[in-house]
$ cat structure-v9.txt   # compact mmCIF, C-alpha atoms
# COMPACT_ATOMS: atom_id res chain seq x y z
CA MET R 1 -11.95 2.54 -20.95
CA GLN R 2 -8.87 4.47 -19.93
CA SER R 3 -5.71 3.44 -18.14
CA THR R 4 -5.94 4.47 -14.52
CA ARG R 5 -2.60 6.25 -14.59
CA HIS R 6 -0.02 6.97 -17.20
CA SER R 7 2.25 4.03 -16.42
CA LEU R 8 0.01 1.69 -14.46
CA PRO R 9 -0.53 -1.77 -15.99
CA SER R 10 -3.38 -2.19 -18.45
CA PHE R 11 -5.25 -4.51 -16.08
CA ILE R 12 -6.77 -1.54 -14.25
CA ILE R 13 -8.82 -0.02 -17.03
CA VAL R 14 -11.98 0.83 -15.13
CA GLN R 15 -13.34 4.34 -15.39
CA LEU R 16 -13.60 5.68 -11.87
CA LEU R 17 -15.91 8.39 -10.65
CA ALA R 18 -14.03 9.21 -7.45
CA LEU R 19 -11.13 7.85 -5.50
CA ALA R 20 -9.76 8.03 -1.98
CA LEU R 21 -6.50 6.81 -0.56
CA ALA R 22 -6.20 6.00 3.13
CA ALA R 23 -3.20 4.56 4.89
CA CYS R 24 -2.88 3.42 8.46
CA GLY R 25 -0.05 1.41 9.87
CA GLY R 26 1.70 0.23 12.97
CA GLY R 27 5.33 1.09 13.48
CA GLY R 28 8.13 -1.42 13.12
CA SER R 29 8.32 -1.67 16.89
CA GLY R 30 4.59 -2.08 17.20
CA GLY R 31 3.94 1.43 18.44
CA SER R 32 2.32 4.29 16.59
CA GLU R 33 -0.55 4.38 14.17
CA GLY R 34 -1.63 7.09 11.77
CA THR R 35 -3.86 7.84 8.82
CA SER R 36 -3.63 9.97 5.73
CA THR R 37 -6.08 10.66 2.97
CA THR R 38 -5.52 11.75 -0.61
CA ASN R 39 -8.27 12.41 -3.11
CA GLN R 40 -7.55 11.85 -6.78
CA SER R 41 -9.25 12.62 -10.04
CA ALA R 42 -11.40 10.24 -12.03
CA SER R 43 -9.79 7.36 -13.89
CA SER R 44 -7.10 6.84 -11.28
CA VAL R 45 -6.19 4.23 -8.70
CA ALA R 46 -4.84 4.40 -5.18
CA THR R 47 -3.84 1.89 -2.54
CA SER R 48 -3.74 1.91 1.22
CA ASN R 49 -2.38 -0.39 3.86
CA ALA R 50 -2.12 -1.13 7.55
CA ALA R 51 -0.15 -3.57 9.66
CA SER R 52 1.29 -4.19 13.10
CA SER R 53 4.65 -5.90 13.19
CA SER R 54 4.44 -6.67 16.87
CA SER R 55 1.14 -8.53 16.81
CA ARG R 56 0.76 -9.21 13.07
CA THR R 57 -2.89 -8.25 13.35
CA GLY R 58 -2.85 -5.29 10.99
CA SER R 59 -3.96 -5.12 7.39
CA ASN R 60 -3.47 -3.53 4.00
CA SER R 61 -5.88 -2.21 1.45
CA SER R 62 -5.72 -1.28 -2.17
CA ALA R 63 -8.45 0.88 -3.53
CA SER R 64 -9.73 2.09 -6.79
CA SER R 65 -13.07 3.04 -5.29
CA SER R 66 -16.15 4.42 -6.94
CA LYS R 67 -18.82 6.50 -5.29
CA SER R 68 -21.43 5.32 -7.79
CA SER R 69 -24.80 4.18 -6.53
CA THR R 70 -25.45 0.58 -5.66
CA GLY R 71 -29.18 1.07 -5.41
CA SER R 72 -30.19 -1.48 -8.03
CA THR R 73 -31.70 -4.65 -6.64
CA THR R 74 -30.80 -6.79 -9.65
CA SER R 75 -28.15 -9.32 -8.71
CA SER R 76 -25.74 -11.08 -11.01
CA SER R 77 -26.50 -14.61 -12.04
CA ALA R 78 -24.56 -17.54 -10.68
CA GLY R 79 -21.69 -18.88 -12.72
CA SER R 80 -19.45 -16.99 -15.09
CA VAL R 81 -20.01 -13.23 -15.33
CA SER R 82 -17.35 -12.27 -17.88
CA GLY R 83 -14.32 -11.37 -15.70
CA VAL R 84 -15.57 -12.98 -12.49
CA SER R 85 -17.60 -16.09 -11.74
CA TYR R 86 -19.63 -16.93 -8.65
CA THR R 87 -20.88 -20.24 -7.31
CA VAL R 88 -23.27 -18.24 -5.12
CA SER R 89 -24.27 -14.81 -6.43
CA PRO R 90 -23.86 -11.80 -4.16
CA GLN R 91 -26.96 -9.72 -3.40
CA VAL R 92 -25.76 -6.55 -1.72
CA SER R 93 -29.28 -5.18 -1.25
CA ASN R 94 -30.03 -8.24 0.91
CA CYS R 95 -26.58 -8.38 2.56
CA VAL R 96 -25.75 -11.67 0.84
CA ALA R 97 -22.00 -11.89 0.23
CA GLY R 98 -22.14 -14.82 -2.14
CA GLN R 99 -19.09 -16.89 -3.06
CA VAL R 100 -16.61 -16.58 -5.90
CA SER R 101 -15.78 -19.68 -7.86
CA THR R 102 -12.84 -21.96 -7.22
CA ALA R 103 -11.48 -20.83 -10.59
CA ASP R 104 -11.37 -17.22 -9.36
CA LYS R 105 -9.62 -18.21 -6.15
CA ASN R 106 -7.11 -20.32 -8.07
CA ALA R 107 -6.42 -17.45 -10.45
CA VAL R 108 -5.66 -15.11 -7.55
CA LEU R 109 -3.39 -17.68 -5.92
CA ALA R 110 -1.60 -18.40 -9.21
CA ARG R 111 -0.98 -14.69 -9.75
CA ILE R 112 0.50 -14.30 -6.27
CA ASN R 113 2.77 -17.30 -6.71
CA GLU R 114 3.88 -16.24 -10.19
CA ILE R 115 5.05 -12.95 -8.72
CA ARG R 116 6.67 -14.59 -5.70
CA SER R 117 8.50 -17.11 -7.88
CA ARG R 118 9.98 -14.23 -9.85
CA HIS R 119 11.48 -12.96 -6.59
CA GLY R 120 12.70 -16.36 -5.40
CA LEU R 121 10.08 -16.48 -2.64
CA PRO R 122 8.31 -19.60 -1.33
CA ALA R 123 4.89 -20.36 -2.79
CA VAL R 124 1.71 -19.56 -0.86
CA THR R 125 -1.06 -22.13 -0.33
CA TYR R 126 -4.80 -21.50 -0.27
CA ASP R 127 -6.73 -21.54 3.02
CA SER R 128 -10.48 -21.64 2.43
CA SER R 129 -11.32 -21.29 6.14
CA ASP R 130 -11.51 -17.50 5.88
CA ASP R 131 -13.27 -17.28 2.52
CA ALA R 132 -16.67 -16.45 4.02
CA ALA R 133 -15.16 -13.76 6.24
CA ALA R 134 -13.23 -12.29 3.29
CA ALA R 135 -16.44 -12.12 1.29
CA ALA R 136 -18.20 -10.50 4.24
CA ALA R 137 -15.48 -7.84 4.38
CA ALA R 138 -15.87 -7.18 0.65
CA LEU R 139 -19.65 -7.00 1.07
CA TYR R 140 -19.31 -4.34 3.76
CA MET R 141 -17.07 -2.22 1.50
CA VAL R 142 -19.51 -2.33 -1.40
CA ALA R 143 -22.62 -1.85 0.75
CA ASN R 144 -21.17 1.24 2.41
CA GLY R 145 -19.19 2.60 -0.53
CA GLU R 146 -15.99 2.87 1.45
CA LEU R 147 -12.67 1.13 1.88
CA THR R 148 -11.83 0.56 5.52
CA HIS R 149 -9.90 -1.82 7.75
CA THR R 150 -12.20 -1.00 10.67
CA PRO R 151 -15.84 -1.52 9.65
CA ASP R 152 -18.31 0.28 11.89
CA SER R 153 -20.92 -1.86 13.61
CA SER R 154 -23.56 0.67 12.54
CA GLY R 155 -22.70 0.23 8.87
CA SER R 156 -24.76 -1.70 6.36
CA CYS R 157 -24.14 -5.45 6.22
CA TYR R 158 -21.75 -5.32 9.21
CA THR R 159 -20.64 -8.57 10.84
CA SER R 160 -17.88 -9.29 13.31
CA GLU R 161 -16.30 -11.61 10.75
CA ALA R 162 -16.23 -8.81 8.18
CA ALA R 163 -14.45 -6.59 10.70
CA ARG R 164 -11.98 -9.33 11.60
CA LEU R 165 -10.91 -10.01 8.02
CA ALA R 166 -10.87 -6.35 7.04
CA GLY R 167 -8.21 -5.90 9.71
CA LYS R 168 -6.08 -8.76 8.37
CA SER R 169 -6.27 -8.21 4.63
CA ASN R 170 -5.25 -6.32 1.55
CA LEU R 171 -8.43 -4.61 0.39
CA TYR R 172 -9.38 -3.48 -3.10
CA MET R 173 -12.24 -1.44 -4.55
CA ALA R 174 -13.07 -0.38 -8.07
CA GLY R 175 -15.90 1.30 -9.92
CA GLY R 176 -16.91 1.33 -13.56
CA SER R 177 -19.65 0.64 -16.06
CA ASN R 178 -19.43 -3.12 -15.38
CA THR R 179 -16.97 -4.25 -12.72
CA ARG R 180 -17.91 -7.89 -13.37
CA ASN R 181 -15.64 -7.67 -16.41
CA MET R 182 -12.66 -7.23 -14.09
CA ALA R 183 -10.65 -10.34 -13.28
CA SER R 184 -10.20 -10.98 -9.57
CA ALA R 185 -6.46 -11.43 -10.01
CA ASP R 186 -6.14 -7.83 -11.24
CA SER R 187 -6.07 -6.66 -7.63
CA VAL R 188 -2.81 -8.54 -7.02
CA THR R 189 -1.03 -6.47 -9.66
CA ALA R 190 -2.38 -3.31 -8.06
CA TYR R 191 -0.94 -4.44 -4.73
CA LEU R 192 2.43 -5.13 -6.33
CA VAL R 193 2.77 -1.75 -8.05
CA ASP R 194 1.21 -0.02 -5.01
CA SER R 195 0.76 3.28 -6.81
CA ASN R 196 0.47 6.32 -4.53
CA VAL R 197 1.08 4.36 -1.33
CA SER R 198 4.27 5.72 0.20
CA THR R 199 4.65 2.81 2.65
CA LEU R 200 4.41 0.22 -0.16
CA GLY R 201 2.54 -1.90 2.36
CA HIS R 202 0.61 -4.01 -0.17
CA ARG R 203 3.72 -4.81 -2.14
CA ARG R 204 5.58 -5.75 1.01
CA TRP R 205 2.84 -8.18 2.05
CA VAL R 206 2.67 -9.82 -1.38
CA LEU R 207 6.47 -10.18 -1.27
CA TYR R 208 6.62 -11.16 2.40
CA PRO R 209 8.90 -14.21 2.65
CA PHE R 210 6.97 -15.63 5.61
CA LEU R 211 3.54 -15.39 3.96
CA ALA R 212 2.37 -19.01 3.86
CA SER R 213 -1.35 -19.01 3.08
CA THR R 214 -4.14 -16.71 2.01
CA SER R 215 -7.91 -16.49 1.60
CA PHE R 216 -9.91 -14.41 -0.85
CA GLY R 217 -13.37 -12.94 -1.17
CA ARG R 218 -15.04 -10.64 -3.67
CA VAL R 219 -18.40 -8.94 -4.06
CA ASP R 220 -19.79 -6.97 -7.02
CA SER R 221 -22.65 -4.55 -6.47
CA ASP R 222 -26.12 -5.43 -7.67
CA ASP R 223 -25.88 -2.93 -10.53
CA GLY R 224 -22.35 -3.95 -11.47
CA LYS R 225 -20.92 -0.47 -10.96
CA SER R 226 -18.68 -1.19 -7.99
CA MET R 227 -16.78 -4.12 -6.52
CA ALA R 228 -14.52 -4.90 -3.60
CA SER R 229 -12.27 -7.77 -2.68
CA ALA R 230 -10.26 -8.87 0.34
CA LEU R 231 -7.04 -10.88 0.30
CA ARG R 232 -5.97 -12.14 3.70
CA THR R 233 -2.28 -11.42 4.29
CA ILE R 234 -2.02 -11.83 8.06
CA GLY R 235 -2.45 -15.20 9.73
CA GLY R 236 -0.91 -18.58 9.07
CA ALA R 237 2.61 -17.25 8.58
CA ALA R 238 5.49 -19.69 8.15
CA SER R 239 7.80 -20.16 11.13
CA SER R 240 10.81 -20.24 8.79
CA VAL R 241 11.58 -19.84 5.10
CA SER R 242 13.88 -21.61 2.69
CA MET R 243 15.17 -19.41 -0.11
CA THR R 244 18.50 -18.59 -1.76
CA ASN R 245 18.49 -14.80 -1.53
CA ASP R 246 18.81 -12.94 1.75
CA PHE R 247 16.95 -9.91 0.41
CA VAL R 248 13.75 -9.01 -1.41
CA ALA R 249 14.14 -6.46 -4.22
CA TYR R 250 11.59 -4.93 -6.59
CA PRO R 251 11.94 -5.08 -9.52
CA TYR R 252 14.28 -8.06 -9.70
CA GLY R 253 15.58 -10.15 -12.62
CA SER R 254 13.55 -10.24 -15.82
CA TYR R 255 10.53 -8.12 -15.00
CA PRO R 256 7.38 -7.39 -17.03
CA SER R 257 6.97 -3.66 -17.58
CA SER R 258 3.25 -4.15 -16.92
CA ASP R 259 4.12 -5.01 -13.29
CA PHE R 260 6.23 -1.91 -12.72
CA SER R 261 5.82 1.85 -12.93
CA THR R 262 8.97 3.72 -14.00
CA SER R 263 7.76 6.81 -12.12
CA TRP R 264 7.12 5.02 -8.82
CA TYR R 265 9.30 3.47 -6.11
CA LEU R 266 11.80 0.67 -6.40
CA SER R 267 12.24 -1.13 -3.08
CA PHE R 268 14.57 -3.38 -1.12
CA SER R 269 14.28 -5.30 2.16
CA ALA R 270 17.07 -7.23 3.85
CA ILE R 271 16.32 -10.63 5.38
CA ALA R 272 18.15 -10.67 8.69
CA SER R 273 16.57 -13.94 9.82
CA LYS R 274 14.95 -16.78 7.90
CA THR R 275 13.90 -18.55 11.09
CA SER R 276 12.03 -15.71 12.82
CA ALA R 277 9.67 -13.30 11.10
CA TYR R 278 10.03 -10.93 14.03
CA ALA R 279 13.81 -10.66 13.80
CA ASN R 280 13.80 -8.49 10.68
CA GLY R 281 13.00 -5.04 12.06
CA ASN R 282 14.96 -1.93 12.96
CA SER R 283 16.78 -3.78 15.75
CA GLN R 284 18.37 -6.03 13.14
CA VAL R 285 18.45 -3.89 9.98
CA SER R 286 19.41 -0.26 9.42
CA PHE R 287 19.63 1.68 6.16
CA SER R 288 20.83 4.89 7.81
CA GLY R 289 24.35 4.59 6.37
CA ALA R 290 23.41 2.90 3.11
CA THR R 291 24.12 4.29 -0.35
CA ILE R 292 22.13 3.45 -3.49
CA THR R 293 23.59 3.39 -7.00
CA VAL R 294 21.66 2.45 -10.14
CA THR R 295 23.47 2.07 -13.46
CA ASN R 296 22.21 1.27 -16.94
CA ALA R 297 23.64 -1.26 -19.40
CA SER R 298 26.29 1.26 -20.46
CA GLY R 299 27.48 1.69 -16.89
CA GLN R 300 26.02 5.19 -16.61
CA SER R 301 24.76 6.13 -13.16
CA LEU R 302 21.13 7.26 -13.07
CA THR R 303 19.70 9.85 -10.73
CA VAL R 304 18.30 8.38 -7.51
CA SER R 305 15.73 10.47 -5.62
CA ASP R 306 12.92 10.37 -3.05
CA ARG R 307 14.72 7.94 -0.78
CA ILE R 308 12.67 6.65 2.16
CA GLU R 309 13.50 4.24 4.98
CA ASN R 310 10.56 2.44 6.56
CA TYR R 311 10.63 0.06 9.52
CA GLU R 312 6.89 -0.39 9.98
CA GLY R 313 5.51 -3.91 10.07
CA TYR R 314 4.19 -4.32 6.56
CA GLY R 315 5.53 -7.79 5.87
CA LEU R 316 9.27 -7.57 6.59
CA ALA R 317 9.66 -4.68 9.00
CA ASN R 318 12.42 -2.99 7.02
CA SER R 319 12.20 -1.31 3.64
CA LEU R 320 14.40 1.02 1.62
CA GLN R 321 12.71 2.67 -1.34
CA TRP R 322 13.68 5.19 -3.98
CA LYS R 323 12.85 6.51 -7.43
CA VAL R 324 15.12 6.48 -10.47
CA ALA R 325 15.06 8.89 -13.41
CA GLY R 326 15.48 7.50 -16.92
CA LEU R 327 14.16 3.94 -16.51
CA ALA R 328 12.53 2.57 -19.63
CA SER R 329 10.95 -0.61 -20.91
CA GLY R 330 13.57 -2.78 -22.56
CA GLY R 331 16.34 -1.45 -20.34
CA SER R 332 18.74 -3.44 -18.16
CA TYR R 333 19.92 -2.02 -14.86
CA THR R 334 22.17 -2.85 -11.92
CA VAL R 335 21.38 -1.78 -8.36
CA THR R 336 24.14 -1.56 -5.76
CA ILE R 337 23.27 -0.90 -2.13
CA ASN R 338 26.29 -0.55 0.14
CA GLY R 339 26.54 -0.03 3.87
CA VAL R 340 23.40 -1.77 5.10
CA THR R 341 23.72 -2.79 8.73
CA VAL R 342 22.38 -6.33 9.23
CA ASN R 343 22.68 -7.99 12.64
CA GLY R 344 25.42 -5.53 13.57
CA ALA R 345 27.57 -6.05 10.45
CA SER R 346 27.87 -3.89 7.33
CA ARG R 347 26.52 -5.60 4.18
CA ASN R 348 26.74 -4.72 0.49
CA TYR R 349 24.19 -5.93 -2.06
CA SER R 350 24.13 -5.91 -5.86
CA TYR R 351 21.47 -7.25 -8.23
CA GLY R 352 20.12 -6.60 -11.69
CA PHE R 353 16.76 -6.21 -13.36
CA GLN R 354 15.54 -5.98 -16.92
CA LEU R 355 12.23 -4.36 -17.85
CA GLN R 356 10.57 -6.53 -20.47

$ encode --input "structure-v9.txt" --output "C-alpha cells"
Amino acid sequence: MQSTRHSLPSFIIVQLLALALAACGGGGSGGSEGTSTTNQSASSVATSNAASSSSRTGSNSSASSSKSSTGSTTSSSAGSVSGVSYTVSPQVSNCVAGQVSTADKNAVLARINEIRSRHGLPAVTYDSSDDAAAAAAALYMVANGELTHTPDSSGSCYTSEAARLAGKSNLYMAGGSNTRNMASADSVTAYLVDSNVSTLGHRRWVLYPFLASTSFGRVDSDDGKSMASALRTIGGAASSVSMTNDFVAYPYGSYPSSDFSTSWYLSFSAIASKTSAYANGNSQVSFSGATITVTNASGQSLTVSDRIENYEGYGLANSLQWKVAGLASGGSYTVTINGVTVNGASRNYSYGFQLQ
C-alpha cells in the first residue's frame, strides 16, 4: 500500500487505478452552478462537493474512485469484514445495498464529533431515518463506477431515494485490492483535509456550526475492489448554535498532523449570526479588505499565498483560504486576520495552532 499523496494522512492507503475529481456548487446567493473535472494519477485521492446556500439542498462528495471491475458475483459475508462490518451484506450484482453495522455508524459519528470538538463546535447526533437512502446512493456509485450527486435514472441500481441522498451528502469512493479493510470513518478525514478541492466544500460541511444530525451508508463491491459511502450533510440543521468562538478556523489549537496537509489550504469562516444559518453569507461577511499574517513561534512571518475568498453555500457561506510556506509538524503558529467586515463593522481575529 502507498500513501495517496505525499502529505495526506495514512488512513487513505488504498492503491487506486484511476481517479476523477468533480466539483459542482451553488453560489453564496443561491445562483450559479458549475462543474470542473481533474484527472489524477494512480495512488491519489480527490474530493468534490456541491451545495446551495439558498435552499440547502446541495451536496458534497469526496472521491478516491477506482475504475476496477465489479463483475464478481461473490458478496461479502454478514458481520465483521476487517475494516467494515455489515448487518446485511451488500450484493451489488443484485442491487442489494445492504446495511452497515451500528458500530460502523457510531465510529463515523464519533470521528465527526471528535473533529468538531477540537474546533469548539456543537456535537452532531445520528439520524437513522436516511440510512437506507444513504446506502442506496452508495450502491449506485459502486454499481456504475462513478461519483455523482445526480444519479441518472437509466443507471444501474437507480432509485429515487439514491438520487435524493446523493444530492444532500458528502460522497466518497475508493478502489484497491480489498476495500473492506478500509474503516468507514476514514472518509471523514478525507473530507476534513479536502485535498485538491479548491472550494473546501467537504471541510466546510464537516465544520458547519449548524450541522445537527447526519446519516451514513456504505457499500463495497462484490469483489471487494471498490467501495462508496454517503454522509448526509444537508437536512436537520440546527436553528441556532451555542459556542464560544465567533469563527471557524482550520487548523485550530492543538492539531494532529495526520489531519492536515502542510501543502494545502488553511481556512477561516466568520460567524456573523448564531441564530440564523442564512445570515452568514456575503451580505454579512466580506474578506475583500482583509489581511492575513502567519507567524511561527519565533515571531517570524511566513509567506502566505494562493488566497481565495469563497461565498458559496458550502456550510457557512463565507470562507477565506490560503496556503503557507514553511509549516512543519511540531511547529506552533499564530494567525492574524485583520479587516474582516462582519455585519457592517471591521473585525480583527487572532488564533493559534500547533501541529502535533

$ closest_residue --input "structure-v9.txt" --among "R:Ala110, R:Cys95, R:Leu165, R:Val142" --to "Asp223 (chain R)" --atoms "all atoms listed in the file"
R:Val142

$ closest_residue --input "structure-v9.txt" --among "R:Asn170, R:Ser213, R:Ser184, R:Ser288" --to "Ser129 (chain R)" --atoms "all atoms listed in the file"
R:Ser213

$ closest_residue --input "structure-v9.txt" --among "R:Ala238, R:Ala212, R:Ala185, R:Met141" --to "Ala103 (chain R)" --atoms "all atoms listed in the file"
R:Ala185

$ closest_residue --input "structure-v9.txt" --among "R:Lys225, R:Glu309, R:Asp220, R:Tyr172" --to "Gly289 (chain R)" --atoms "all atoms listed in the file"
R:Glu309

$ residues_around --input "structure-v9.txt" --residues "region 203-207 of chain R" --least-positions-apart "2" --cutoff "6 Å" --atoms "only C-alpha atoms" --output "list in words"
Tyr191, Leu192, Leu200, Gly201, Tyr314 and Gly315 of chain R

$ closest_residue --input "structure-v9.txt" --among "R:Ala174, R:Val324, R:Ala135, R:Val335" --to "Thr262 (chain R)" --atoms "only C-alpha atoms"
R:Val324

$ closest_residue --input "structure-v9.txt" --among "R:Ser329, R:Ser160, R:Ser187, R:Asn296" --to "Tyr255 (chain R)" --atoms "only C-alpha atoms"
R:Ser329

$ atom_distance --input "structure-v9.txt" --atom1 "CA of Gln99 (chain R)" --atom2 "CA of Val193 (chain R)"
27.1 Å

$ residues_near_point --input "structure-v9.txt" --point "(-15.8, -13.3, -4.2)" --cutoff "10 Å" --atoms "all atoms listed in the file" --output "MDAnalysis selection string"
chainID R and resid 84:90 97:102 104:105 131:132 134:136 138:139 184 216:220 227:230

$ residues_around --input "structure-v9.txt" --residues "Ala237 (chain R)" --least-positions-apart "3" --cutoff "10 Å" --atoms "all atoms listed in the file" --output "ChimeraX atom specification"
/R:56,124,208-214,233-234,240-241,277

$ residues_around --input "structure-v9.txt" --residues "Ser254 (chain R)" --least-positions-apart "3" --cutoff "10 Å" --atoms "only C-alpha atoms" --output "MDAnalysis selection string"
chainID R and resid 118:119 251 257 332 352:356

$ residues_around --input "structure-v9.txt" --residues "region 153-156 of chain R" --least-positions-apart "5" --cutoff "9 Å" --atoms "only C-alpha atoms" --output "ChimeraX atom specification"
/R:95,140,143-144,163

$ residues_near_point --input "structure-v9.txt" --point "(26.7, 2.3, 2.2)" --cutoff "9 Å" --atoms "all atoms listed in the file" --output "PyMOL selection string"
chain R and resi 287-292+337-341+346-348

$ atom_distance --input "structure-v9.txt" --atom1 "CA of Leu320 (chain R)" --atom2 "CA of Gly236 (chain R)"
26.0 Å

$ atom_distance --input "structure-v9.txt" --atom1 "CA of Ser301 (chain R)" --atom2 "CA of Ser263 (chain R)"
17.0 Å
